[in-house]
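Contents: one structure, followed by commentary.
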Amino acid sequence: MRKFKNLVIGGIESKIFNLILLTVILLTIAFLGINLYQGNMLSSLTAETSVKQQETTSEIISGAMNQVTRRSMERTTDMEAQIVDRMFRGIRSRVMMAADYASKVLGHPEAFSPVPYAGPDASRNGELAAQIIWAEGTDPEDPETAARAGLVSNLSGMMISMCEATESDNIFVGLPDGIFLSINRTPADWFGEDGKVIKYDARTRFWYKQAAEAGGLVFSDLEVDATTGEMSVVCAMPVYGEAGELLGVAGSDLFLHAMEDTVSGLVDDGGYVWIINREGHVIYSPNRDLVALNESALAPDLRQSENKELAALVNAAMEGRTDVQVIPVNGHDFYMLGVPIETAGWTLFSAFPKEMVDQVEVSLLESYHGITEEARQAYQEKSGRSKTTTWILMGALTVLALINALVLGKRIVRPLNTITKRIADLKEGNLEFKMEDAYRTGDEIEVLAESFANLSHKTLDYVEQVKTATAEKERISTELHMANRIQESMLPHVFPPFPDRKEFDIYATMDPAREVGGDFYDFFMIDPDHLCIVMADVSGKGVPAALFMMISKTILQNCAMLGQSAGAILAKTNEMLCSNNQMEMFVTVWLGILEISTGKITCANAGHEYPAVFSGAGEKEFALLKDKHGFVIGGMEGVRYKEYEFTMKPGDKLFVYTDGLAEATNNDEQMFGTDRMIRALNEVSDAGPKEVLENVRESVDAFVGTAEQFDDLTMLCLEYRGPDGKWKAEEPRESI
C-alpha cells in the first residue's frame with residue numbers, strides 16, 4: 001500500500017472508490033437505455049389498455065357489488081337471528097322455571113302456608129316489586145280468594161330472584177279465579193287517572209287464552225299492554241295439576257322497544273329487519289311502508305299476500321333458511337332472505353334496497369373513469385419533462401457517487417480503527433465493550449462490534465432477566481393470592497354460621513393444593529326446618545377447576561332453593577352443567593338435606609366419597625356409610641340419582657370429605673387412607689365438629705410429613721343436637 005495525500009493507494013478506500021466508479025458508469029448506461037425503451041412502450045400500452053380496463057371494470061364492479069351485498073346480508077342476518085334466538089331462549093327459560101315452581105305451589109297447596117301480599121305501591125317505582133291485581137268481579141275480602149292470593153304469593157321471592165339474576169323487568173302468573181301476581185319495576189303503571197288500582201283480568205288476554213289452548217309454552221301475537229299501552233309479545237306457559245286441570249298461566253312480556261334495541265344491524269346500513277310468527281303475522285318491523293305492523297286481530301297473513309314473490313319467500317322461509325332473492329315491494333326492488341328463529345319457531349327477514357347497490361356501482365364507475373382519464377393526461381404531460389430531468393439527475397448522481405465513494409471509504413475504515421483502539425483500552429475494572437454510534441455501519445463491521453458488545457453484556461443481561469422473571473413471578477403470585485381470597489369468600493367461613501340455631505352445630509374447612517382449588521363445601525337453610533349440606537370435588541386443579549367450582553356451587557344452591565329433593569337437585573344441576581360444558585369437566589357431589597325437627601337426612605351421591613357417621617348406639621364410633629354412587633355431575637346428560645335416608649339422633653355426627661383426605665401421600669408413596677381417617681375421627685368422637693376436623697388435619701399432617709400436598713383437602717362435620725338443642729355429651733343416646 002502507498003499513500004497519496006489522504007488516500008491510501010491499494011487500501012480499502014481506493015478499492016471502494018474504483019468499485020463505485022465502475023458501478024456508476026454501468027448503471028448510468030443501463031438506466032438511460034431502459035428508461036427510453038420503457039417510456040415509448042408505456043405510452044402505447046396506456047392508450048390500448050384504457051378502453052379494455054373500463055369495459056372489464058364495469059363488469060367486475062357489478063358482479064362484486066352483487067356478491068358482497070349477498071354475503072354481507074347472509075352473515076348479518078344469521079347473526080341477527082342468533083341474537084334474537086338468544087333473547088327468546090332467555091325469556092323462555094324464565095317462564096319455564098316460573099311455571100315449574102308454580103306447579104309445585106299451586107298443585108300442592110297443603111304443603112305451603114299463605115304468605116302476606118299487597119297491591120301495587122307507586123312509591124316502589126324503579127325496583128322489582130310483587131303485587132296482587134284483582135280481576136273485575138273478584139272479591140279480595142272473600143276468605144277463599146284471599147287464601148288463594150296468599151298461596152300464589154309463595155312464588156314472589158323466587159320470581160324476584162329470577163328477574164334479578166337474569167336482569168329482566170317483569171314476570172307474572174295469572175290464575176283461573178281472577179287473581180294476577182305481577183313482578184315488575186313500574187308499580188305506578190297499575191294506577192288509573194283517578195288514582196285507583198285498575199282491574200286486570202288475565203283470563204281475557206290473548207296470551208292467557210293462547211297458552212291454555214296450546215297446552216304448552218307459546219310466544220303470543222302482538223297485543224297492547226294493559227298498563228303501558230305499548231305493543232308487546234308475551235311468552236306464556238300453562239300450569240296444570242296432577243288431574244290435568246288448569247291451575248294458571250305463567251308469562252313474561254317482551255316489548256317491541258326491547259326487540260328494536262336488539263335487532264339493529266342492517267338498519268344502520270340502510271336495510272331493514274322484520275320478524276313474522278308461525279301464522280305469518282308481522283311481529284316486528286321498523287319500516288311500516290315495507291311491511292305493515294298490526295295487533296294480532298288485525299295482522300294479515302303474509303303467506304297469503306297479494307305480492308306473490310313476497311308470499312313465496314315467506315312460505316319458503318317457514319320451511320327453512322332461504323337464499324338471497326330480489327323481491328319487488330311498492331315499486332322498489334329489495335334483496336331479501338329469511339332465517340328461522342329456532343326457539344320461538346318464528347322467522348327473521350332482512351331486506352336491502354337494490355337501488356342503493358346500483359347507485360354505489362354507478363358512482364364507482366364514474367369515479368374510475370375520471371381517475372383514468374386524468375391519469376392519462378398527466379402521464380403524457382410529465383413524460384416529456386421526465387426525460388430531461390433524468391439526464392440532469394444522472395449527471396448529478398454520478399458526481400455525488402464519486403464524492404460519496406471517497407467519503408464512504410473513510411467511513412468504513414474509521415470504525416475499524418476505533419474498535420481497535422477501544423479493545424486496546426480495555427483493562428481490569430472496565431471490561432465492558434459498549435456499542436457506539438460509530439460502529440453502526442450496517443455491515444460486517446457492525447456485526448463485529450455487536451459480537452464484542454454482546455459478549456460483554458451477557459452477564460448484565462442475565463441479571464436483568466433474573467430480575468424480570470422474579471418480578472413476574474411475584475405478580476402472578478399476588479394475583480393467585482387474590483383469587484384464593486375470592487374463592488374463600490365464596491364458601492361459608494363464619495362459624496358458627498347460625499348462632500341462633502341450637503339444634504345443630506357445623507364446621508368445615510377447605511385447604512387448596514395450589515393457590516386456588518376445585519373442592520368446595522356449602523351449607524344453607526332451604527327453609528326454617530331444612531338444612532342443605534354439600535361436599536363436592538371438581539375434576540382438575542388450579543384456576544380452571546376453581547372457575548368450574550364457582551359455577552357448580554351457584555347452580556347447586558339455586559336448584560336446592562327450588563325446594564326439590566336431593567336426587568332432583570343433582571339431576572337438575574347435571575342437566576344445566578352438561579348444556580354448555582365445552583371443557584368436559586365434571587364434579588363429584590354428596591348432597592344431604594337435614595330435616596331439623598326429626599333428624600332425618602335425605603341424601604344423594606354423584607360419584608363422591610362415602611360419608612362417615614357417628615352414632616350413639618353400638619360401638620359409639622365413626623363408621624363409613626357405604627351408599628350407592630350415581631354418575632358424576634357434568635359427565636353425561638339424562639342421569640338420574642337415587643336417594644337414601646337415615647335418621648340422626650341427638651349427639652350423632654356426620655363427616656363428609658373429598659378424596660384429597662384419603663389420598664394424602666407421604667414421602668414413601670403411602671396414602672393416608674380411610675382406615676387412618678376413621679381412627680382419627682374416633683380419637684375425638686365426643687368432641688365438637690371443629691375439634692374433630694382439627695384432629696383429622698393434625699393426623700394427616702403428621703402422616704404426610706414434609707411431602708407436598710398434591711390435592712385439595714376439604715372436610716365438613718355436622719353434629720345434630722336434637723330439635724330442642726338441649727343435648728349434652730353425657731346424656732345417653734338411642735340407636736339410629
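Ordering of the C-alpha cells sets the chain letters (A, B, ...); residue numbers start at 1 within each chain; ligands are numbered from 1 in the order shown.
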Helix (DSSP H, G or I) positions in range 481-626 of chain A, given as a ChimeraX atom specification: /A:481-490,542-560,566-578
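Residues of range 230-290 of chain A assigned to strand (DSSP E or B) by DSSP on this structure's backbone: Met231, Ser232, Val233, Val234, Cys235, Ala236, Met237, Pro238, Val239, Tyr240, Leu246, Leu247, Gly248, Val249, Ala250, Gly251, Ser252, Asp253, Leu254, Phe255, Tyr272, Val273, Trp274, Ile275, Ile276, Val282, Ile283 and Tyr284 of chain A.
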Output for the residues just chosen: N, CA, C and O atoms as a JSON list (two decimals), in the first residue's frame:
[["chain", "number", "residue", "atom", "x", "y", "z"],
["A", 231, "MET", "N", -96.84, -1.92, 22.52],
["A", 231, "MET", "CA", -97.00, -3.20, 21.83],
["A", 231, "MET", "C", -95.99, -4.19, 22.41],
["A", 231, "MET", "O", -94.82, -3.84, 22.64],
["A", 232, "SER", "N", -96.42, -5.41, 22.61],
["A", 232, "SER", "CA", -95.52, -6.41, 23.19],
["A", 232, "SER", "C", -95.92, -7.80, 22.75],
["A", 232, "SER", "O", -97.03, -8.05, 22.28],
["A", 233, "VAL", "N", -94.94, -8.73, 22.92],
["A", 233, "VAL", "CA", -95.13, -10.17, 22.72],
["A", 233, "VAL", "C", -95.00, -10.82, 24.10],
["A", 233, "VAL", "O", -94.17, -10.40, 24.90],
["A", 234, "VAL", "N", -95.82, -11.81, 24.36],
["A", 234, "VAL", "CA", -95.78, -12.48, 25.67],
["A", 234, "VAL", "C", -95.36, -13.94, 25.48],
["A", 234, "VAL", "O", -95.91, -14.65, 24.63],
["A", 235, "CYS", "N", -94.36, -14.35, 26.26],
["A", 235, "CYS", "CA", -94.01, -15.77, 26.35],
["A", 235, "CYS", "C", -94.81, -16.36, 27.51],
["A", 235, "CYS", "O", -94.68, -15.89, 28.64],
["A", 236, "ALA", "N", -95.68, -17.32, 27.24],
["A", 236, "ALA", "CA", -96.58, -17.84, 28.27],
["A", 236, "ALA", "C", -96.56, -19.36, 28.29],
["A", 236, "ALA", "O", -96.35, -20.00, 27.25],
["A", 237, "MET", "N", -96.80, -19.94, 29.49],
["A", 237, "MET", "CA", -96.81, -21.40, 29.65],
["A", 237, "MET", "C", -97.87, -21.78, 30.67],
["A", 237, "MET", "O", -97.89, -21.23, 31.78],
["A", 238, "PRO", "N", -98.79, -22.70, 30.32],
["A", 238, "PRO", "CA", -99.84, -23.09, 31.26],
["A", 238, "PRO", "C", -99.28, -23.98, 32.38],
["A", 238, "PRO", "O", -98.28, -24.68, 32.20],
["A", 239, "VAL", "N", -99.95, -23.94, 33.52],
["A", 239, "VAL", "CA", -99.58, -24.75, 34.69],
["A", 239, "VAL", "C", -100.76, -25.68, 34.98],
["A", 239, "VAL", "O", -101.89, -25.21, 35.17],
["A", 240, "TYR", "N", -100.51, -26.99, 35.01],
["A", 240, "TYR", "CA", -101.57, -27.97, 35.21],
["A", 240, "TYR", "C", -101.35, -28.73, 36.52],
["A", 240, "TYR", "O", -100.22, -28.91, 36.98],
["A", 246, "LEU", "N", -106.33, -26.93, 34.75],
["A", 246, "LEU", "CA", -105.52, -25.73, 34.56],
["A", 246, "LEU", "C", -105.43, -24.97, 35.88],
["A", 246, "LEU", "O", -106.45, -24.53, 36.43],
["A", 247, "LEU", "N", -104.21, -24.80, 36.39],
["A", 247, "LEU", "CA", -104.00, -24.08, 37.65],
["A", 247, "LEU", "C", -103.65, -22.62, 37.42],
["A", 247, "LEU", "O", -103.80, -21.79, 38.32],
["A", 248, "GLY", "N", -103.17, -22.26, 36.25],
["A", 248, "GLY", "CA", -102.79, -20.89, 35.96],
["A", 248, "GLY", "C", -101.90, -20.84, 34.73],
["A", 248, "GLY", "O", -101.60, -21.86, 34.11],
["A", 249, "VAL", "N", -101.47, -19.63, 34.39],
["A", 249, "VAL", "CA", -100.58, -19.43, 33.26],
["A", 249, "VAL", "C", -99.48, -18.47, 33.70],
["A", 249, "VAL", "O", -99.76, -17.38, 34.21],
["A", 250, "ALA", "N", -98.21, -18.88, 33.50],
["A", 250, "ALA", "CA", -97.06, -18.02, 33.79],
["A", 250, "ALA", "C", -96.61, -17.35, 32.50],
["A", 250, "ALA", "O", -96.70, -17.94, 31.42],
["A", 251, "GLY", "N", -96.11, -16.11, 32.62],
["A", 251, "GLY", "CA", -95.70, -15.41, 31.41],
["A", 251, "GLY", "C", -94.74, -14.28, 31.71],
["A", 251, "GLY", "O", -94.50, -13.91, 32.85],
["A", 252, "SER", "N", -94.18, -13.71, 30.60],
["A", 252, "SER", "CA", -93.28, -12.56, 30.71],
["A", 252, "SER", "C", -93.40, -11.76, 29.43],
["A", 252, "SER", "O", -93.48, -12.32, 28.33],
["A", 253, "ASP", "N", -93.40, -10.41, 29.56],
["A", 253, "ASP", "CA", -93.55, -9.51, 28.42],
["A", 253, "ASP", "C", -92.22, -9.30, 27.72],
["A", 253, "ASP", "O", -91.17, -9.19, 28.36],
["A", 254, "LEU", "N", -92.26, -9.19, 26.39],
["A", 254, "LEU", "CA", -91.14, -8.75, 25.58],
["A", 254, "LEU", "C", -91.63, -7.58, 24.74],
["A", 254, "LEU", "O", -92.34, -7.77, 23.75],
["A", 255, "PHE", "N", -91.30, -6.35, 25.16],
["A", 255, "PHE", "CA", -91.81, -5.16, 24.49],
["A", 255, "PHE", "C", -91.04, -4.92, 23.19],
["A", 255, "PHE", "O", -89.88, -5.28, 23.05],
["A", 272, "TYR", "N", -83.33, -3.27, 6.38],
["A", 272, "TYR", "CA", -84.38, -3.43, 7.37],
["A", 272, "TYR", "C", -84.43, -4.89, 7.83],
["A", 272, "TYR", "O", -84.07, -5.80, 7.08],
["A", 273, "VAL", "N", -84.87, -5.07, 9.06],
["A", 273, "VAL", "CA", -85.07, -6.41, 9.62],
["A", 273, "VAL", "C", -86.49, -6.49, 10.14],
["A", 273, "VAL", "O", -86.95, -5.58, 10.82],
["A", 274, "TRP", "N", -87.21, -7.57, 9.81],
["A", 274, "TRP", "CA", -88.56, -7.76, 10.32],
["A", 274, "TRP", "C", -88.77, -9.23, 10.66],
["A", 274, "TRP", "O", -88.07, -10.09, 10.16],
["A", 275, "ILE", "N", -89.72, -9.48, 11.57],
["A", 275, "ILE", "CA", -89.95, -10.81, 12.12],
["A", 275, "ILE", "C", -91.41, -11.18, 11.96],
["A", 275, "ILE", "O", -92.30, -10.35, 12.21],
["A", 276, "ILE", "N", -91.68, -12.45, 11.56],
["A", 276, "ILE", "CA", -93.05, -12.95, 11.50],
["A", 276, "ILE", "C", -93.14, -14.21, 12.35],
["A", 276, "ILE", "O", -92.14, -14.89, 12.57],
["A", 282, "VAL", "N", -96.82, -10.24, 11.19],
["A", 282, "VAL", "CA", -95.62, -9.45, 11.42],
["A", 282, "VAL", "C", -95.55, -9.10, 12.90],
["A", 282, "VAL", "O", -96.47, -8.48, 13.45],
["A", 283, "ILE", "N", -94.46, -9.48, 13.56],
["A", 283, "ILE", "CA", -94.25, -9.20, 14.98],
["A", 283, "ILE", "C", -93.42, -7.94, 15.17],
["A", 283, "ILE", "O", -93.61, -7.17, 16.09],
["A", 284, "TYR", "N", -92.45, -7.72, 14.27],
["A", 284, "TYR", "CA", -91.58, -6.55, 14.38],
["A", 284, "TYR", "C", -91.24, -6.06, 12.99],
["A", 284, "TYR", "O", -90.92, -6.85, 12.10]]
For Glu575 in chain A: contacts at 9 Å, only C-alpha atoms, fewer than 6 positions along chain excluded, given as a PyMOL selection string: chain A and resi 633-634+636-639
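Counting from CA of Ser539 in chain A, the distance to CA of Phe586 in chain A is 5.6 Å.
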Point-to-point distance from CA of Leu654 in chain A to CA of Phe495 in chain A, Å rounded to tenths: 17.2 Å
Near-Phe191 in chain A list (12 Å; only C-alpha atoms; drop same-chain fewer than 6 positions) as a list in words: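 Selected residues are Gly119, Pro120, Asp121, Ala122, Ser123, Asn125, Ile133, Val197, Ile198, Lys199, Tyr200, Ala226, Thr227 and Thr228 of chain A.
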Counting only C-alpha atoms, the option among A:Leu577, A:Leu562, A:Leu313, A:Leu594 closest to Phe548 in chain A: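 When distances to Phe548 in chain A are compared using only C-alpha atoms, the smallest one comes from A:Leu577.
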Residue neighbourhood Asp505 in chain A, 8 Å, only C-alpha atoms, exclusion window fewer than 4 positions, as a VMD selection string: chain A and resid 496 688 to 689 718 to 721
Spatial neighbours of Lys642 in chain A, max dist 12 Å, only C-alpha atoms, sep filter under 6 positions, as a list in words: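 Using only C-alpha atoms, the neighbours found are Ser565, Ala566, Gly567, Ala568, Ile569, Leu570, Ala571, Trp590, Leu591, Thr602, Cys603, Ala604, Asn605, Ala606, Gly607, Asp627, Lys628, His629, Gly630 and Phe631 of chain A.
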Output all heavy atoms for every residue in that selection, as a short mmCIF file (atom, residue, chain, number, x, y, z; two decimals), in the first residue's frame.
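Saved to again02.cif:
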data_model
loop_
_atom_site.label_atom_id
_atom_site.label_comp_id
_atom_site.auth_asym_id
_atom_site.auth_seq_id
_atom_site.Cartn_x
_atom_site.Cartn_y
_atom_site.Cartn_z
N SER A 565 -86.10 -32.46 45.86
CA SER A 565 -85.45 -33.49 46.65
C SER A 565 -83.96 -33.54 46.30
O SER A 565 -83.51 -32.92 45.33
CB SER A 565 -86.08 -34.85 46.35
OG SER A 565 -85.86 -35.20 45.00
N ALA A 566 -83.19 -34.32 47.10
CA ALA A 566 -81.75 -34.38 46.89
C ALA A 566 -81.42 -34.93 45.50
O ALA A 566 -80.57 -34.38 44.78
CB ALA A 566 -81.11 -35.26 47.97
N GLY A 567 -82.07 -36.01 45.09
CA GLY A 567 -81.81 -36.58 43.77
C GLY A 567 -82.20 -35.64 42.66
O GLY A 567 -81.50 -35.51 41.65
N ALA A 568 -83.32 -34.94 42.80
CA ALA A 568 -83.77 -34.00 41.76
C ALA A 568 -82.82 -32.82 41.66
O ALA A 568 -82.58 -32.30 40.56
CB ALA A 568 -85.19 -33.52 42.08
N ILE A 569 -82.27 -32.38 42.80
CA ILE A 569 -81.30 -31.26 42.77
C ILE A 569 -80.08 -31.66 41.95
O ILE A 569 -79.61 -30.90 41.10
CB ILE A 569 -80.90 -30.87 44.20
CG1 ILE A 569 -82.11 -30.26 44.94
CG2 ILE A 569 -79.74 -29.88 44.19
CD1 ILE A 569 -81.86 -30.04 46.42
N LEU A 570 -79.56 -32.87 42.19
CA LEU A 570 -78.38 -33.31 41.43
C LEU A 570 -78.72 -33.49 39.96
O LEU A 570 -77.91 -33.15 39.09
CB LEU A 570 -77.85 -34.63 42.01
CG LEU A 570 -77.28 -34.56 43.44
CD1 LEU A 570 -76.65 -35.89 43.81
CD2 LEU A 570 -76.28 -33.42 43.58
N ALA A 571 -79.88 -34.01 39.66
CA ALA A 571 -80.27 -34.21 38.25
C ALA A 571 -80.40 -32.87 37.53
O ALA A 571 -79.95 -32.72 36.39
CB ALA A 571 -81.60 -34.98 38.18
N TRP A 590 -71.64 -35.03 47.03
CA TRP A 590 -72.51 -35.65 48.04
C TRP A 590 -73.40 -34.56 48.57
O TRP A 590 -72.93 -33.51 49.00
CB TRP A 590 -71.68 -36.26 49.16
CG TRP A 590 -72.55 -36.99 50.17
CD1 TRP A 590 -72.89 -38.30 50.18
CD2 TRP A 590 -73.21 -36.40 51.31
NE1 TRP A 590 -73.72 -38.60 51.22
CE2 TRP A 590 -73.94 -37.43 51.94
CE3 TRP A 590 -73.28 -35.12 51.83
CZ2 TRP A 590 -74.71 -37.22 53.08
CZ3 TRP A 590 -74.04 -34.90 52.97
CH2 TRP A 590 -74.75 -35.95 53.59
N LEU A 591 -74.72 -34.79 48.55
CA LEU A 591 -75.68 -33.77 48.98
C LEU A 591 -76.68 -34.40 49.94
O LEU A 591 -77.22 -35.49 49.67
CB LEU A 591 -76.41 -33.16 47.77
CG LEU A 591 -77.36 -32.00 48.05
CD1 LEU A 591 -77.30 -30.97 46.93
CD2 LEU A 591 -78.80 -32.48 48.22
N THR A 602 -82.05 -36.82 54.01
CA THR A 602 -82.27 -37.40 52.68
C THR A 602 -81.04 -37.08 51.84
O THR A 602 -80.69 -35.91 51.69
CB THR A 602 -83.53 -36.82 52.03
OG1 THR A 602 -84.64 -37.04 52.89
CG2 THR A 602 -83.78 -37.49 50.69
N CYS A 603 -80.37 -38.10 51.27
CA CYS A 603 -79.07 -37.92 50.63
C CYS A 603 -79.08 -38.45 49.20
O CYS A 603 -79.90 -39.30 48.84
CB CYS A 603 -77.96 -38.64 51.41
SG CYS A 603 -78.04 -38.37 53.20
N ALA A 604 -78.11 -37.96 48.42
CA ALA A 604 -77.84 -38.50 47.09
C ALA A 604 -76.36 -38.32 46.83
O ALA A 604 -75.76 -37.32 47.24
CB ALA A 604 -78.67 -37.78 46.04
N ASN A 605 -75.76 -39.31 46.14
CA ASN A 605 -74.31 -39.31 45.93
C ASN A 605 -74.02 -39.41 44.45
O ASN A 605 -74.43 -40.36 43.78
CB ASN A 605 -73.67 -40.49 46.67
CG ASN A 605 -72.16 -40.36 46.75
OD1 ASN A 605 -71.52 -39.86 45.84
ND2 ASN A 605 -71.59 -40.82 47.85
N ALA A 606 -73.28 -38.40 43.91
CA ALA A 606 -72.89 -38.39 42.50
C ALA A 606 -71.40 -38.67 42.39
O ALA A 606 -70.59 -37.78 42.16
CB ALA A 606 -73.24 -37.03 41.87
N GLY A 607 -71.03 -39.94 42.61
CA GLY A 607 -69.64 -40.37 42.43
C GLY A 607 -68.69 -39.86 43.49
O GLY A 607 -67.48 -39.84 43.25
N ASP A 627 -72.90 -45.82 50.75
CA ASP A 627 -74.13 -45.58 49.99
C ASP A 627 -73.91 -45.93 48.52
O ASP A 627 -72.82 -46.25 48.07
CB ASP A 627 -74.58 -44.13 50.14
CG ASP A 627 -73.45 -43.16 49.79
OD1 ASP A 627 -72.39 -43.61 49.31
OD2 ASP A 627 -73.64 -41.96 49.96
N LYS A 628 -75.00 -45.83 47.73
CA LYS A 628 -74.94 -46.13 46.30
C LYS A 628 -74.51 -44.87 45.54
O LYS A 628 -75.11 -43.81 45.70
CB LYS A 628 -76.29 -46.61 45.79
CG LYS A 628 -76.72 -47.94 46.40
CD LYS A 628 -78.05 -48.41 45.81
CE LYS A 628 -78.47 -49.77 46.39
NZ LYS A 628 -79.75 -50.23 45.85
N HIS A 629 -73.47 -45.03 44.72
CA HIS A 629 -72.95 -43.90 43.96
C HIS A 629 -73.69 -43.76 42.63
O HIS A 629 -73.91 -44.74 41.92
CB HIS A 629 -71.46 -44.09 43.66
CG HIS A 629 -70.61 -43.85 44.87
ND1 HIS A 629 -69.24 -43.78 44.82
CD2 HIS A 629 -70.95 -43.65 46.17
CE1 HIS A 629 -68.78 -43.56 46.04
NE2 HIS A 629 -69.80 -43.49 46.86
N GLY A 630 -74.04 -42.51 42.29
CA GLY A 630 -74.53 -42.21 40.96
C GLY A 630 -73.38 -41.70 40.10
O GLY A 630 -72.24 -41.57 40.56
N PHE A 631 -73.66 -41.38 38.84
CA PHE A 631 -72.64 -40.88 37.93
C PHE A 631 -72.29 -39.44 38.29
O PHE A 631 -73.09 -38.72 38.87
CB PHE A 631 -73.14 -40.95 36.48
CG PHE A 631 -72.04 -40.88 35.47
CD1 PHE A 631 -71.12 -41.91 35.36
CD2 PHE A 631 -71.91 -39.79 34.64
CE1 PHE A 631 -70.11 -41.86 34.42
CE2 PHE A 631 -70.90 -39.73 33.71
CZ PHE A 631 -70.00 -40.75 33.59
#
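The shortest atom-to-atom distance to Gly592 in chain A, with only C-alpha atoms taken into account, belongs to A:Gln564 out of A:Ser367, A:Gln377, A:Gln564, A:Ser220.
Our summary of the geometry notes that CA of Phe614 in chain A is positioned 15.6 Å from CA of Arg676 in chain A.
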All residues 8 Å or closer to Pro611 in chain A, only C-alpha atoms, same chain fewer than 6 positions away omitted, as a PyMOL selection string: chain A and resi 624-626+654-657
Nearest residue to Glu669 in chain A from the set A:Glu683, A:Gly705, A:Ser699, A:Met73 (distances using only C-alpha atoms):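 Using only C-alpha atoms, the shortest distance to Glu669 in chain A belongs to A:Gly705.
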Pick from A:Ala311, A:Leu364, A:Leu448, A:Met576 nearest to Ile555 in chain A, counting only C-alpha atoms: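 Using only C-alpha atoms, Ile555 in chain A sits closest to A:Met576.
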Residue among A:Gln325, A:Ser685, A:Thr706, A:Thr658 lying closest to Thr509 in chain A, counting only C-alpha atoms: A:Thr658
Option closest in space to Asn307 in chain A, from A:Leu348, A:Val263, A:Val329, A:Met510 [counting only C-alpha atoms]: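 Among A:Leu348, A:Val263, A:Val329, A:Met510, it is A:Val329 that comes nearest to Asn307 in chain A.
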